[in-house]
>>> print(open('model24.cif').read())   # mmCIF, C-alpha atoms
data_model
#
loop_
_atom_site.label_atom_id
_atom_site.label_comp_id
_atom_site.auth_asym_id
_atom_site.auth_seq_id
_atom_site.Cartn_x
_atom_site.Cartn_y
_atom_site.Cartn_z
CA MET A 1 41.46 -11.90 -25.66
CA LYS A 2 38.42 -11.24 -23.49
CA ILE A 3 37.80 -8.27 -21.20
CA VAL A 4 34.82 -7.96 -18.85
CA ALA A 5 33.35 -4.57 -17.89
CA LEU A 6 31.64 -5.08 -14.57
CA CYS A 7 28.90 -3.11 -12.84
CA GLY A 8 26.32 -3.84 -10.15
CA VAL A 9 23.32 -4.48 -12.36
CA GLY A 10 24.87 -4.92 -15.82
CA ILE A 11 23.35 -1.88 -17.50
CA GLY A 12 24.38 1.76 -17.72
CA THR A 13 27.75 1.95 -16.03
CA SER A 14 29.14 -1.29 -17.45
CA ALA A 15 27.94 -0.27 -20.90
CA ILE A 16 29.79 3.05 -20.61
CA LEU A 17 32.88 1.21 -19.42
CA LYS A 18 32.57 -1.22 -22.35
CA VAL A 19 32.23 1.55 -24.94
CA ASN A 20 35.21 3.48 -23.56
CA ALA A 21 37.36 0.36 -23.09
CA GLU A 22 36.79 -0.43 -26.77
CA ARG A 23 37.92 3.09 -27.66
CA ALA A 24 41.03 2.70 -25.49
CA LEU A 25 41.84 -0.67 -27.06
CA GLU A 26 41.50 0.89 -30.49
CA ARG A 27 44.06 3.53 -29.47
CA LEU A 28 46.40 0.76 -28.32
CA ASP A 29 45.72 -1.24 -31.48
CA ILE A 30 44.81 -4.29 -29.38
CA GLU A 31 42.13 -6.72 -30.53
CA ALA A 32 39.85 -7.84 -27.71
CA GLU A 33 36.25 -8.70 -27.04
CA VAL A 34 34.73 -6.52 -24.31
CA THR A 35 31.65 -7.88 -22.54
CA ALA A 36 29.43 -6.01 -20.07
CA ALA A 37 28.48 -8.05 -17.01
CA ASP A 38 26.81 -7.62 -13.65
CA VAL A 39 27.95 -8.83 -10.24
CA ALA A 40 25.57 -11.81 -10.36
CA SER A 41 27.07 -13.11 -13.61
CA VAL A 42 30.70 -12.12 -13.19
CA LYS A 43 31.95 -15.61 -12.27
CA LEU A 44 30.63 -17.04 -15.52
CA ALA A 45 31.45 -14.01 -17.67
CA ALA A 46 35.00 -13.73 -16.33
CA ALA A 47 35.84 -17.45 -16.32
CA ASP A 48 37.87 -17.11 -19.52
CA ALA A 49 38.61 -13.39 -19.32
CA GLN A 50 42.08 -11.91 -19.07
CA VAL A 51 41.00 -8.61 -17.56
CA ILE A 52 38.08 -7.36 -15.43
CA LEU A 53 37.46 -3.61 -15.50
CA THR A 54 35.42 -2.22 -12.63
CA SER A 55 34.91 0.38 -9.91
CA SER A 56 36.77 0.16 -6.60
CA GLU A 57 33.38 -0.16 -4.92
CA LEU A 58 32.73 -3.51 -6.58
CA LEU A 59 36.06 -5.19 -5.78
CA PRO A 60 34.62 -7.16 -2.82
CA SER A 61 31.90 -8.59 -5.10
CA ILE A 62 34.30 -10.15 -7.58
CA GLY A 63 35.71 -12.89 -5.38
CA LYS A 64 38.36 -15.26 -6.64
CA THR A 65 39.42 -14.86 -10.24
CA ASN A 66 42.39 -15.57 -12.44
CA ALA A 67 41.81 -12.39 -14.42
CA ASP A 68 43.70 -9.14 -13.78
CA VAL A 69 41.33 -6.80 -12.01
CA ILE A 70 41.74 -3.16 -13.06
CA VAL A 71 40.04 -0.43 -11.03
CA ILE A 72 38.88 2.54 -13.09
CA ASP A 73 38.25 5.79 -11.20
CA ASN A 74 36.85 7.89 -14.06
CA PHE A 75 34.89 5.80 -16.57
CA PHE A 76 34.98 8.65 -19.09
CA ASP A 77 38.73 9.26 -18.96
CA LEU A 78 40.15 7.55 -22.03
CA ASP A 79 43.71 8.43 -20.94
CA GLU A 80 43.24 6.57 -17.64
CA LEU A 81 41.64 3.57 -19.37
CA THR A 82 44.32 3.47 -22.04
CA ALA A 83 47.20 3.72 -19.54
CA LYS A 84 45.80 1.04 -17.23
CA LEU A 85 44.96 -1.35 -20.08
CA GLU A 86 48.43 -0.83 -21.57
CA THR A 87 50.05 -1.69 -18.23
CA ALA A 88 47.90 -4.81 -17.78
CA LEU A 89 48.18 -6.10 -21.33
CA GLY A 90 51.60 -4.80 -22.36
CA MET B 1 22.11 6.66 -32.89
CA SER B 2 21.39 9.76 -30.88
CA LEU B 3 20.17 10.32 -27.37
CA PRO B 4 16.39 10.22 -26.86
CA PRO B 5 14.69 13.63 -26.67
CA LEU B 6 15.03 15.12 -23.21
CA PRO B 7 11.89 16.97 -22.03
CA LEU B 8 12.49 19.95 -19.74
CA ASP B 9 10.37 18.07 -17.16
CA ALA B 10 13.21 15.57 -16.88
CA ILE B 11 15.75 18.25 -15.88
CA ASP B 12 16.04 19.83 -12.43
CA VAL B 13 18.68 22.51 -11.93
CA GLY B 14 20.33 23.84 -8.76
CA LEU B 15 18.49 21.67 -6.23
CA HIS B 16 19.29 21.77 -2.53
CA VAL B 17 19.39 18.22 -1.14
CA PRO B 18 20.67 16.95 2.20
CA ASP B 19 22.22 13.67 1.04
CA TRP B 20 22.73 11.18 -1.78
CA ARG B 21 19.36 9.50 -1.21
CA ALA B 22 17.56 12.78 -1.81
CA ALA B 23 19.72 13.37 -4.88
CA ILE B 24 18.75 9.97 -6.34
CA GLY B 25 15.16 10.71 -5.32
CA ALA B 26 15.27 13.90 -7.38
CA ALA B 27 16.64 12.05 -10.42
CA GLY B 28 13.85 9.47 -9.99
CA ALA B 29 11.18 12.14 -9.57
CA ALA B 30 12.38 13.76 -12.80
CA LEU B 31 12.07 10.41 -14.63
CA GLU B 32 8.53 10.07 -13.21
CA ARG B 33 7.54 13.61 -14.26
CA SER B 34 8.69 12.96 -17.80
CA GLY B 35 6.57 9.80 -17.96
CA SER B 36 9.45 7.34 -18.13
CA THR B 37 9.00 5.53 -14.82
CA SER B 38 6.64 4.94 -11.91
CA PRO B 39 7.77 5.58 -8.30
CA GLY B 40 8.99 2.04 -7.64
CA TYR B 41 11.91 2.65 -9.99
CA THR B 42 13.26 5.46 -7.82
CA GLU B 43 13.31 3.12 -4.83
CA ARG B 44 15.12 0.49 -6.88
CA MET B 45 17.80 3.01 -7.91
CA VAL B 46 18.41 3.73 -4.22
CA ALA B 47 18.51 -0.02 -3.51
CA VAL B 48 21.25 -0.54 -6.12
CA ILE B 49 23.51 1.87 -4.23
CA GLU B 50 22.59 0.34 -0.88
CA GLU B 51 23.55 -3.08 -2.22
CA PHE B 52 26.66 -2.29 -4.27
CA GLY B 53 27.94 1.02 -2.90
CA ALA B 54 28.77 4.22 -4.68
CA TYR B 55 30.09 2.68 -7.90
CA VAL B 56 27.44 4.68 -9.77
CA VAL B 57 29.71 7.70 -9.22
CA ILE B 58 31.56 6.95 -12.44
CA ALA B 59 33.48 10.22 -12.85
CA PRO B 60 34.44 13.14 -10.62
CA GLY B 61 31.22 14.86 -9.59
CA LEU B 62 28.92 12.63 -11.67
CA ALA B 63 26.55 9.84 -10.59
CA LEU B 64 24.75 7.63 -13.14
CA ALA B 65 21.69 6.46 -11.19
CA HIS B 66 20.05 3.36 -12.65
CA ALA B 67 18.42 0.02 -11.88
CA ARG B 68 17.49 -3.07 -13.85
CA PRO B 69 14.64 -2.96 -16.35
CA GLY B 70 11.28 -3.75 -14.75
CA PRO B 71 7.51 -3.12 -14.91
CA ASP B 72 8.10 0.31 -13.30
CA VAL B 73 9.95 1.44 -16.44
CA LEU B 74 7.23 2.68 -18.80
CA THR B 75 9.58 3.85 -21.55
CA GLU B 76 13.33 4.37 -21.81
CA GLY B 77 14.36 7.69 -20.39
CA LEU B 78 17.06 9.96 -19.09
CA SER B 79 16.88 12.65 -16.42
CA VAL B 80 19.42 15.23 -15.29
CA VAL B 81 19.62 16.80 -11.83
CA THR B 82 22.20 19.38 -10.77
CA LEU B 83 22.81 20.34 -7.16
CA ALA B 84 23.41 23.75 -5.65
CA GLU B 85 25.77 22.13 -3.13
CA ALA B 86 27.51 18.86 -4.02
CA VAL B 87 26.85 15.89 -1.72
CA PRO B 88 29.07 12.89 -0.91
CA PHE B 89 28.00 9.43 -2.13
CA GLY B 90 30.84 7.58 -0.42
CA HIS B 91 33.08 7.13 -3.45
CA PRO B 92 36.82 7.13 -2.67
CA HIS B 93 37.87 9.23 -5.71
CA ASN B 94 34.91 10.91 -7.35
CA ASP B 95 33.03 12.55 -4.45
CA PRO B 96 31.34 14.96 -4.00
CA VAL B 97 28.61 14.69 -6.63
CA SER B 98 26.97 17.70 -8.22
CA VAL B 99 25.40 16.14 -11.35
CA ILE B 100 23.11 13.11 -11.32
CA LEU B 101 21.93 11.37 -14.47
CA GLY B 102 18.92 9.09 -14.05
CA LEU B 103 18.78 6.26 -16.58
CA ALA B 104 15.81 3.96 -17.18
CA VAL B 105 15.77 1.24 -19.83
CA THR B 106 13.15 -1.36 -20.71
CA THR B 107 15.49 -4.14 -21.82
CA GLY B 108 19.06 -5.04 -21.02
CA ASP B 109 20.58 -4.08 -24.35
CA GLU B 110 18.51 -1.32 -25.98
CA HIS B 111 20.32 1.27 -23.89
CA VAL B 112 23.67 0.55 -25.47
CA HIS B 113 23.07 2.87 -28.39
CA PHE B 114 22.43 5.89 -26.25
CA VAL B 115 25.05 4.99 -23.72
CA ALA B 116 27.61 5.29 -26.53
CA GLU B 117 26.25 8.78 -27.18
CA LEU B 118 26.49 9.64 -23.48
CA ALA B 119 30.11 8.50 -23.56
CA ASN B 120 30.75 10.82 -26.51
CA VAL B 121 29.39 13.77 -24.56
CA PHE B 122 31.13 12.97 -21.27
CA ASN B 123 34.53 12.03 -22.70
CA ASP B 124 34.97 15.81 -22.76
CA SER B 125 36.06 16.44 -19.17
CA SER B 126 34.74 20.02 -19.17
CA ILE B 127 31.11 18.88 -19.47
CA ILE B 128 30.52 17.93 -15.81
CA PRO B 129 31.55 21.33 -14.34
CA ALA B 130 29.66 23.05 -17.18
CA LEU B 131 26.47 21.12 -16.35
CA ALA B 132 26.91 21.78 -12.63
CA ALA B 133 27.11 25.52 -13.38
CA ALA B 134 24.25 25.64 -15.91
CA PRO B 135 21.64 28.21 -14.89
CA ASP B 136 18.58 26.47 -16.34
CA ALA B 137 17.20 23.31 -17.93
CA VAL B 138 17.44 24.59 -21.50
CA THR B 139 21.17 25.21 -21.02
CA VAL B 140 21.64 21.69 -19.61
CA ARG B 141 19.92 20.19 -22.61
CA SER B 142 21.95 22.15 -25.13
CA LEU B 143 25.23 21.29 -23.31
CA LEU B 144 24.32 17.62 -23.69
CA GLY B 145 23.59 18.18 -27.37
CA ILE B 146 20.16 16.61 -26.94
CA THR B 147 17.22 17.65 -29.06
CA ALA B 148 14.03 19.11 -27.63
CA PRO B 149 10.81 17.08 -27.93
CA THR B 150 8.30 18.57 -30.38
CA GLY B 151 6.72 21.72 -29.01
CA GLU B 152 9.44 22.68 -26.55
CA PRO B 153 11.90 25.56 -26.96
CA ALA B 154 15.29 24.39 -28.21
CA SER B 155 17.36 27.21 -26.78
CA THR B 156 17.25 29.93 -24.13
CA GLU B 157 16.44 32.50 -26.81
CA ASP B 158 13.21 30.70 -27.70
CA LYS B 159 12.06 30.42 -24.11
CA LYS B 160 8.94 32.41 -23.39
#
>>> encode(input="model24.cif", output="structure tokens")
Amino acid sequence: MKIVALCGVGIGTSAILKVNAERALERLDIEAEVTAADVASVKLAAADAQVILTSSELLPSIGKTNADVIVIDNFFDLDELTAKLETALG
Amino acid sequence: MSLPPLPLDAIDVGLHVPDWRAAIGAAGAALERSGSTSPGYTERMVAVIEEFGAYVVIAPGLALAHARPGPDVLTEGLSVVTLAEAVPFGHPHNDPVSVILGLAVTTGDEHVHFVAELANVFNDSSIIPALAAAPDAVTVRSLLGITAPTGEPASTEDKK
């Protein structure tokens, strides 16, 4: 399974989202590859992804996708990430 | 891997700013003072928010200001700015912002090691209000668990 952590420029925020998504997946005991991507590369990065994690602010930049798009409000809240990933993947 | 040393020059506590642009400007100025970036980087951090919106407000009260690597990044660096009065960035859930981290990296992937450390620090939800309330730069640095560069006091007790 592939999960994309999306931010505007592909550094910093997406890396934090990636690190914390990996921690949440570990809690859920789910194996997945988490990739950090920026808006410019999201089409390519998310082509074979099941889930895109991002901020509500970036939703308009994603465009059409077959992946489930999950909006994360607090990138540091492992409980929020775990609950939303569990809902999407469970 | 641990966070890079954080010079006191890169920390600004209790600033009064009128809006988010000035807040980002302060985080950029702190990166410049510490020798991490030249002024163009500050403008690019503002441009990221103009282009993509307030997604840099990644947790309640916290903005992670950043831009792509570029020639205006002299060395990787972190800055911390806290505000006397929080300002709105336009985020639907996490406004208003009272703590701004400025992040500058020289390549797309070198930052990942210290981003993981940042995540360790900020996964504790009490850290953002604690930083916002910190009285001085030395307290901010010790809350973050970051070491002092050689020659700087490590704690308030050592401060001359």
>>> interface_residues(input="model24.cif", of="chain B", to="chain A", cutoff="9 Å", atoms="only C-alpha atoms", output="ChimeraX atom specification")
/B:48-49,51-60,64-69,91-94,103-105,108-109,111-112,115-116,118-120,122-125
>>> axis_aligned_box(input="model24.cif", around="stretch 71-80 of chain A", padding_each_side="3 Å", output="AutoDock Vina command-line options")
--center_x 39.3 --center_y 4.4 --center_z -16.5 --size_x 14.8 --size_y 15.7 --size_z 17.0
>>> resolve_selection(input="model24.cif", expression="the PyMOL selection byres ((chain A and resi 30-34) around 10)", output="list in words")
Met1, Lys2, Ile3, Val4, Ala5, Ala15, Leu17, Lys18, Val19, Ala21, Glu22, Ala24, Leu25, Glu26, Arg27, Leu28, Asp29, Thr35, Ala36, Ala37, Ala49, Gln50, Val51, Ile52, Leu53, Leu85, Glu86, Leu89 and Gly90 of chain A
>>> closest_atom_pairs(input="model24.cif", of="stretch 51-119 of chain B", to="stretch 14-17 of chain B", cutoff="6 Å", atoms="all atoms listed in the file", output="JSON lines")
{"residue": "B:Thr82", "atom": "CA", "partner": "B:Gly14", "partner_atom": "CA", "distance": 5.2}
{"residue": "B:Leu83", "atom": "CA", "partner": "B:Gly14", "partner_atom": "CA", "distance": 4.6}
{"residue": "B:Ala84", "atom": "CA", "partner": "B:Gly14", "partner_atom": "CA", "distance": 4.4}
>>> write_last_selection(input="model24.cif", atoms="C-alpha atoms", output="PDB file, in the frame of the given file")
ATOM      1  CA  THR B  82      22.200  19.380 -10.770  1.00  0.00           C
ATOM      2  CA  LEU B  83      22.810  20.340  -7.160  1.00  0.00           C
ATOM      3  CA  ALA B  84      23.410  23.750  -5.650  1.00  0.00           C
TER       4      ALA B  84
END
>>> atom_distance(input="model24.cif", atom1="atom CA of B:Ala132", atom2="atom CA of B:Ala86")
9.1 Å
>>> resolve_selection(input="model24.cif", expression="the PyMOL selection byres ((chain B and resi 70-76) around 12)", output="MDAnalysis selection string")
chainID B and resid 3:6 28 31:45 66:69 77:79 102:115
>>> residues_around(input="model24.cif", residues="B:Pro7", least_positions_apart="3", cutoff="9 Å", atoms="all atoms listed in the file", output="number ranges by chain")
B: 10-11, 34, 79, 141, 147-149, 152
>>> decode(input="model24.cif", residues="stretch 8-34 of chain A", atoms="N, CA and C atoms", output="JSON list (two decimals), in the first residue's frame")
[["chain", "number", "residue", "atom", "x", "y", "z"],
["A", 8, "GLY", "N", 2.91, 21.96, 0.15],
["A", 8, "GLY", "CA", 3.05, 22.90, -0.96],
["A", 8, "GLY", "C", 4.37, 22.78, -1.69],
["A", 9, "VAL", "N", 5.47, 22.65, -0.93],
["A", 9, "VAL", "CA", 6.77, 22.64, -1.57],
["A", 9, "VAL", "C", 7.55, 21.35, -1.32],
["A", 10, "GLY", "N", 6.94, 20.38, -0.64],
["A", 10, "GLY", "CA", 7.57, 19.06, -0.54],
["A", 10, "GLY", "C", 8.68, 18.94, 0.49],
["A", 11, "ILE", "N", 8.86, 19.95, 1.32],
["A", 11, "ILE", "CA", 9.81, 19.82, 2.43],
["A", 11, "ILE", "C", 9.11, 20.27, 3.70],
["A", 12, "GLY", "N", 9.66, 19.97, 4.82],
["A", 12, "GLY", "CA", 9.14, 20.51, 6.08],
["A", 12, "GLY", "C", 7.82, 19.89, 6.49],
["A", 13, "THR", "N", 6.72, 20.49, 6.04],
["A", 13, "THR", "CA", 5.43, 20.01, 6.54],
["A", 13, "THR", "C", 5.12, 18.59, 6.06],
["A", 14, "SER", "N", 5.43, 18.29, 4.80],
["A", 14, "SER", "CA", 5.12, 16.94, 4.32],
["A", 14, "SER", "C", 6.02, 15.92, 5.01],
["A", 15, "ALA", "N", 7.24, 16.33, 5.35],
["A", 15, "ALA", "CA", 8.14, 15.42, 6.05],
["A", 15, "ALA", "C", 7.63, 15.13, 7.46],
["A", 16, "ILE", "N", 7.08, 16.14, 8.12],
["A", 16, "ILE", "CA", 6.51, 15.93, 9.45],
["A", 16, "ILE", "C", 5.29, 15.00, 9.34],
["A", 17, "LEU", "N", 4.48, 15.26, 8.33],
["A", 17, "LEU", "CA", 3.29, 14.41, 8.11],
["A", 17, "LEU", "C", 3.71, 12.96, 7.83],
["A", 18, "LYS", "N", 4.76, 12.80, 7.04],
["A", 18, "LYS", "CA", 5.26, 11.45, 6.71],
["A", 18, "LYS", "C", 5.74, 10.73, 7.98],
["A", 19, "VAL", "N", 6.55, 11.41, 8.77],
["A", 19, "VAL", "CA", 7.09, 10.80, 9.99],
["A", 19, "VAL", "C", 5.95, 10.38, 10.92],
["A", 20, "ASN", "N", 4.97, 11.27, 11.10],
["A", 20, "ASN", "CA", 3.89, 10.96, 12.04],
["A", 20, "ASN", "C", 2.90, 9.94, 11.46],
["A", 21, "ALA", "N", 2.72, 9.94, 10.14],
["A", 21, "ALA", "CA", 1.86, 8.91, 9.53],
["A", 21, "ALA", "C", 2.49, 7.53, 9.72],
["A", 22, "GLU", "N", 3.82, 7.47, 9.60],
["A", 22, "GLU", "CA", 4.50, 6.18, 9.80],
["A", 22, "GLU", "C", 4.31, 5.70, 11.24],
["A", 23, "ARG", "N", 4.36, 6.66, 12.20],
["A", 23, "ARG", "CA", 4.14, 6.28, 13.60],
["A", 23, "ARG", "C", 2.70, 5.79, 13.81],
["A", 24, "ALA", "N", 1.74, 6.46, 13.16],
["A", 24, "ALA", "CA", 0.34, 6.05, 13.30],
["A", 24, "ALA", "C", 0.13, 4.67, 12.69],
["A", 25, "LEU", "N", 0.75, 4.42, 11.53],
["A", 25, "LEU", "CA", 0.60, 3.12, 10.87],
["A", 25, "LEU", "C", 1.20, 2.01, 11.73],
["A", 26, "GLU", "N", 2.29, 2.34, 12.40],
["A", 26, "GLU", "CA", 2.92, 1.37, 13.29],
["A", 26, "GLU", "C", 1.95, 0.99, 14.42],
["A", 27, "ARG", "N", 1.27, 2.03, 14.98],
["A", 27, "ARG", "CA", 0.27, 1.77, 16.01],
["A", 27, "ARG", "C", -0.83, 0.83, 15.51],
["A", 28, "LEU", "N", -1.22, 1.04, 14.23],
["A", 28, "LEU", "CA", -2.32, 0.26, 13.65],
["A", 28, "LEU", "C", -1.83, -1.09, 13.13],
["A", 29, "ASP", "N", -0.50, -1.28, 13.15],
["A", 29, "ASP", "CA", 0.09, -2.49, 12.63],
["A", 29, "ASP", "C", -0.25, -2.67, 11.15],
["A", 30, "ILE", "N", -0.17, -1.58, 10.39],
["A", 30, "ILE", "CA", -0.44, -1.62, 8.95],
["A", 30, "ILE", "C", 0.87, -1.32, 8.22],
["A", 31, "GLU", "N", 1.18, -2.17, 7.24],
["A", 31, "GLU", "CA", 2.39, -1.97, 6.44],
["A", 31, "GLU", "C", 2.04, -1.06, 5.27],
["A", 32, "ALA", "N", 2.76, 0.06, 5.14],
["A", 32, "ALA", "CA", 2.53, 0.93, 4.00],
["A", 32, "ALA", "C", 3.77, 1.77, 3.75],
["A", 33, "GLU", "N", 3.93, 2.16, 2.49],
["A", 33, "GLU", "CA", 5.04, 3.05, 2.14],
["A", 33, "GLU", "C", 4.48, 4.47, 2.14],
["A", 34, "VAL", "N", 5.11, 5.37, 2.90],
["A", 34, "VAL", "CA", 4.66, 6.76, 2.95],
["A", 34, "VAL", "C", 5.68, 7.63, 2.22]]
